[in-house]
Amino acid sequence: MKIYTKTGDKGTSSLYNGERRDKDDDIFEALGTTDELSSYLGLAMEYLENEEFLVECLEKVQCCLQDIGSNIATPRERSNERRLGQTTFDPTGALVKELEDWIDKADEELPRLTKFILPSGGKASSTLHVARSICRRAERRVQPLAREHLCDDSVAVYLNRLSDFLFNAARLAAKHAGKEEKVYIKPQ
């Protein structure tokens with residue numbers, strides 16, 4: 001099977017339900033941003049050394065982002081029941097709860113926050129901070145889709161919680177690498 005199809009050469013692409021849309025449609029903006037996020041998580045994992053917990057978490061997140069992409073690519077009000085059933089995302093909230101558990105586990109090991117943290121703390125930590133900011137953008141891209149019932153609300157909830165986890169993951173990576181986190185100091 002060839003990787004190229006030429007079907008998108010005129011500026012449109014197909015969703016999972018077969019509907020064609022312009023490539024700059026809001027759905028493709030959300031899909032592209034979640035794909036970018038997954039790519040940055042892959043890069044972050046390359047910088048993580050001896051971080052089995054974080055790597056396992058991030059690998060699972062990448063799989064969840066694939067499922068989120070399937071959900072986004074299947075507009076909820078415009079797809080048949082079979083496709084909806086194949087692409088429903090986190091209907092019980094179990095994946096969000098798992099993120100919360102990971103956040104709490106990291107919190108147990110991290111020093112209490114008393115100041116704003118600037119993205120820093122080594123390559124792994126800084127890359128996770130970039131991923132966190134991409135995650136926030138993904139959430140902003142998904143919110144209009146969720147409001148219009150084009151994707152499951154749980155997608156937006158997951159991305160919101162994921163950005164919190166990525167913040168703690170960045171802090172944990174810095175701590176384990178022995179790197180200092182820079183803090184905000186008001187310029188004089």
# chains A, B, ... in the order shown; residues from 1 in each chain; ligands from 1
call {"tool": "residues_around", "arguments": {"residues": "Leu95 (chain A)", "least_positions_apart": "6", "cutoff": "10 Å", "atoms": "only C-alpha atoms", "output": "ChimeraX atom specification"}}
result
/A:60-61,64,89,101,154,158,161-162
call {"tool": "residues_around", "arguments": {"residues": "region 4-9 of chain A", "least_positions_apart": "4", "cutoff": "12 Å", "atoms": "only C-alpha atoms", "output": "list in words"}}
result
Ser13, Ser14, Leu15, Arg20, Arg21, Asp22, Lys23 and Asp24 of chain A
call {"tool": "write_last_selection", "arguments": {"atoms": "all heavy atoms", "output": "compact mmCIF listing (two decimals), in the first residue's frame"}}
result
# COMPACT_ATOMS: atom_id res chain seq x y z
N SER A 13 -9.72 16.78 2.63
CA SER A 13 -9.35 15.47 3.17
C SER A 13 -10.62 14.81 3.70
O SER A 13 -11.64 15.46 3.92
CB SER A 13 -8.30 15.62 4.27
OG SER A 13 -7.73 14.38 4.57
N SER A 14 -10.52 13.52 3.93
CA SER A 14 -11.68 12.73 4.32
C SER A 14 -11.65 12.41 5.82
O SER A 14 -10.61 12.11 6.37
CB SER A 14 -11.69 11.44 3.51
OG SER A 14 -12.81 10.66 3.84
N LEU A 15 -12.82 12.48 6.43
CA LEU A 15 -12.99 12.06 7.81
C LEU A 15 -13.30 10.57 7.86
O LEU A 15 -13.55 9.95 6.82
CB LEU A 15 -14.12 12.86 8.47
CG LEU A 15 -13.92 14.37 8.54
CD1 LEU A 15 -15.17 15.04 9.10
CD2 LEU A 15 -12.71 14.70 9.39
N ARG A 20 -15.92 14.66 3.27
CA ARG A 20 -14.74 15.43 2.87
C ARG A 20 -14.90 16.86 3.36
O ARG A 20 -15.97 17.44 3.27
CB ARG A 20 -14.54 15.40 1.36
CG ARG A 20 -14.15 14.01 0.87
CD ARG A 20 -13.48 14.02 -0.47
NE ARG A 20 -12.14 14.55 -0.49
CZ ARG A 20 -11.04 13.89 -0.10
NH1 ARG A 20 -11.14 12.66 0.38
NH2 ARG A 20 -9.86 14.44 -0.17
N ARG A 21 -13.79 17.41 3.86
CA ARG A 21 -13.77 18.79 4.34
C ARG A 21 -12.48 19.45 3.91
O ARG A 21 -11.48 18.78 3.65
CB ARG A 21 -13.86 18.83 5.88
CG ARG A 21 -15.20 18.40 6.41
CD ARG A 21 -15.24 18.57 7.91
NE ARG A 21 -16.54 18.22 8.43
CZ ARG A 21 -17.17 18.90 9.36
NH1 ARG A 21 -16.61 19.96 9.90
NH2 ARG A 21 -18.36 18.52 9.79
N ASP A 22 -12.50 20.78 3.91
CA ASP A 22 -11.28 21.53 3.61
C ASP A 22 -10.23 21.20 4.66
O ASP A 22 -10.55 20.99 5.84
CB ASP A 22 -11.55 23.04 3.62
CG ASP A 22 -12.42 23.48 2.45
OD1 ASP A 22 -12.42 22.78 1.41
OD2 ASP A 22 -13.10 24.52 2.60
N LYS A 23 -8.99 21.20 4.25
CA LYS A 23 -7.90 20.83 5.17
C LYS A 23 -7.70 21.84 6.29
O LYS A 23 -7.11 21.50 7.32
CB LYS A 23 -6.60 20.63 4.39
CG LYS A 23 -6.59 19.36 3.57
CD LYS A 23 -5.24 19.10 2.98
CE LYS A 23 -5.23 17.76 2.26
NZ LYS A 23 -3.91 17.37 1.83
N ASP A 24 -8.21 23.06 6.11
CA ASP A 24 -8.09 24.04 7.20
C ASP A 24 -9.37 24.11 8.05
O ASP A 24 -9.55 25.04 8.84
CB ASP A 24 -7.71 25.42 6.65
CG ASP A 24 -8.73 25.99 5.68
OD1 ASP A 24 -9.71 25.29 5.32
OD2 ASP A 24 -8.54 27.14 5.26
call {"tool": "closest_residue", "arguments": {"among": "A:Ser133, A:Gln86, A:Ser120, A:Asn80", "to": "Glu36 (chain A)", "atoms": "only C-alpha atoms"}}
result
A:Ser133
call {"tool": "residues_around", "arguments": {"residues": "region 41-49 of chain A", "least_positions_apart": "3", "cutoff": "8 Å", "atoms": "only C-alpha atoms", "output": "list of chain:residue names"}}
result
A:Leu37, A:Ser38, A:Val55, A:Leu58, A:Gln62, A:Lys123, A:Ala124, A:Ser125, A:Thr127, A:Leu128, A:Ala131, A:Ala173
call {"tool": "write_last_selection", "arguments": {"atoms": "N, CA and C atoms", "output": "PDB file, in the first residue's frame"}}
result
ATOM      1  N   LEU A  37       1.104  17.165  19.286  1.00  0.00           N
ATOM      2  CA  LEU A  37       1.315  16.849  20.696  1.00  0.00           C
ATOM      3  C   LEU A  37       1.932  15.466  20.851  1.00  0.00           C
ATOM      4  N   SER A  38       1.401  14.486  20.155  1.00  0.00           N
ATOM      5  CA  SER A  38       1.934  13.135  20.239  1.00  0.00           C
ATOM      6  C   SER A  38       3.395  13.094  19.775  1.00  0.00           C
ATOM      7  N   VAL A  55       7.792   7.358  31.099  1.00  0.00           N
ATOM      8  CA  VAL A  55       7.750   6.806  29.743  1.00  0.00           C
ATOM      9  C   VAL A  55       6.503   5.941  29.555  1.00  0.00           C
ATOM     10  N   LEU A  58       3.534   8.283  29.235  1.00  0.00           N
ATOM     11  CA  LEU A  58       3.511   9.017  27.972  1.00  0.00           C
ATOM     12  C   LEU A  58       3.176   8.108  26.793  1.00  0.00           C
ATOM     13  N   GLN A  62       0.060   8.675  24.310  1.00  0.00           N
ATOM     14  CA  GLN A  62       0.120   8.686  22.844  1.00  0.00           C
ATOM     15  C   GLN A  62      -0.976   7.794  22.249  1.00  0.00           C
ATOM     16  N   LYS A 123      16.516  19.147  29.156  1.00  0.00           N
ATOM     17  CA  LYS A 123      15.889  18.872  27.852  1.00  0.00           C
ATOM     18  C   LYS A 123      14.556  18.145  27.986  1.00  0.00           C
ATOM     19  N   ALA A 124      14.502  17.109  28.800  1.00  0.00           N
ATOM     20  CA  ALA A 124      13.253  16.355  28.948  1.00  0.00           C
ATOM     21  C   ALA A 124      12.166  17.244  29.535  1.00  0.00           C
ATOM     22  N   SER A 125      12.493  17.951  30.598  1.00  0.00           N
ATOM     23  CA  SER A 125      11.529  18.819  31.254  1.00  0.00           C
ATOM     24  C   SER A 125      11.041  19.917  30.316  1.00  0.00           C
ATOM     25  N   THR A 127      11.052  19.974  27.073  1.00  0.00           N
ATOM     26  CA  THR A 127      10.252  19.399  25.992  1.00  0.00           C
ATOM     27  C   THR A 127       8.851  19.055  26.495  1.00  0.00           C
ATOM     28  N   LEU A 128       8.745  18.579  27.715  1.00  0.00           N
ATOM     29  CA  LEU A 128       7.425  18.311  28.293  1.00  0.00           C
ATOM     30  C   LEU A 128       6.640  19.609  28.496  1.00  0.00           C
ATOM     31  N   ALA A 131       5.262  20.382  25.174  1.00  0.00           N
ATOM     32  CA  ALA A 131       4.117  19.488  24.964  1.00  0.00           C
ATOM     33  C   ALA A 131       2.896  19.984  25.739  1.00  0.00           C
ATOM     34  N   ALA A 173      10.572  15.289  35.803  1.00  0.00           N
ATOM     35  CA  ALA A 173      11.742  15.034  34.960  1.00  0.00           C
ATOM     36  C   ALA A 173      12.909  15.920  35.379  1.00  0.00           C
TER      37      ALA A 173
END
call {"tool": "closest_residue", "arguments": {"among": "A:Lys115, A:Val142, A:Ile103, A:Arg82", "to": "Thr34 (chain A)", "atoms": "only C-alpha atoms"}}
result
A:Val142
call {"tool": "select_by_dssp", "arguments": {"residues": "region 10-45 of chain A", "states": "strand (DSSP E or B)", "output": "ChimeraX atom specification"}}
result
/A:12-14,20-22
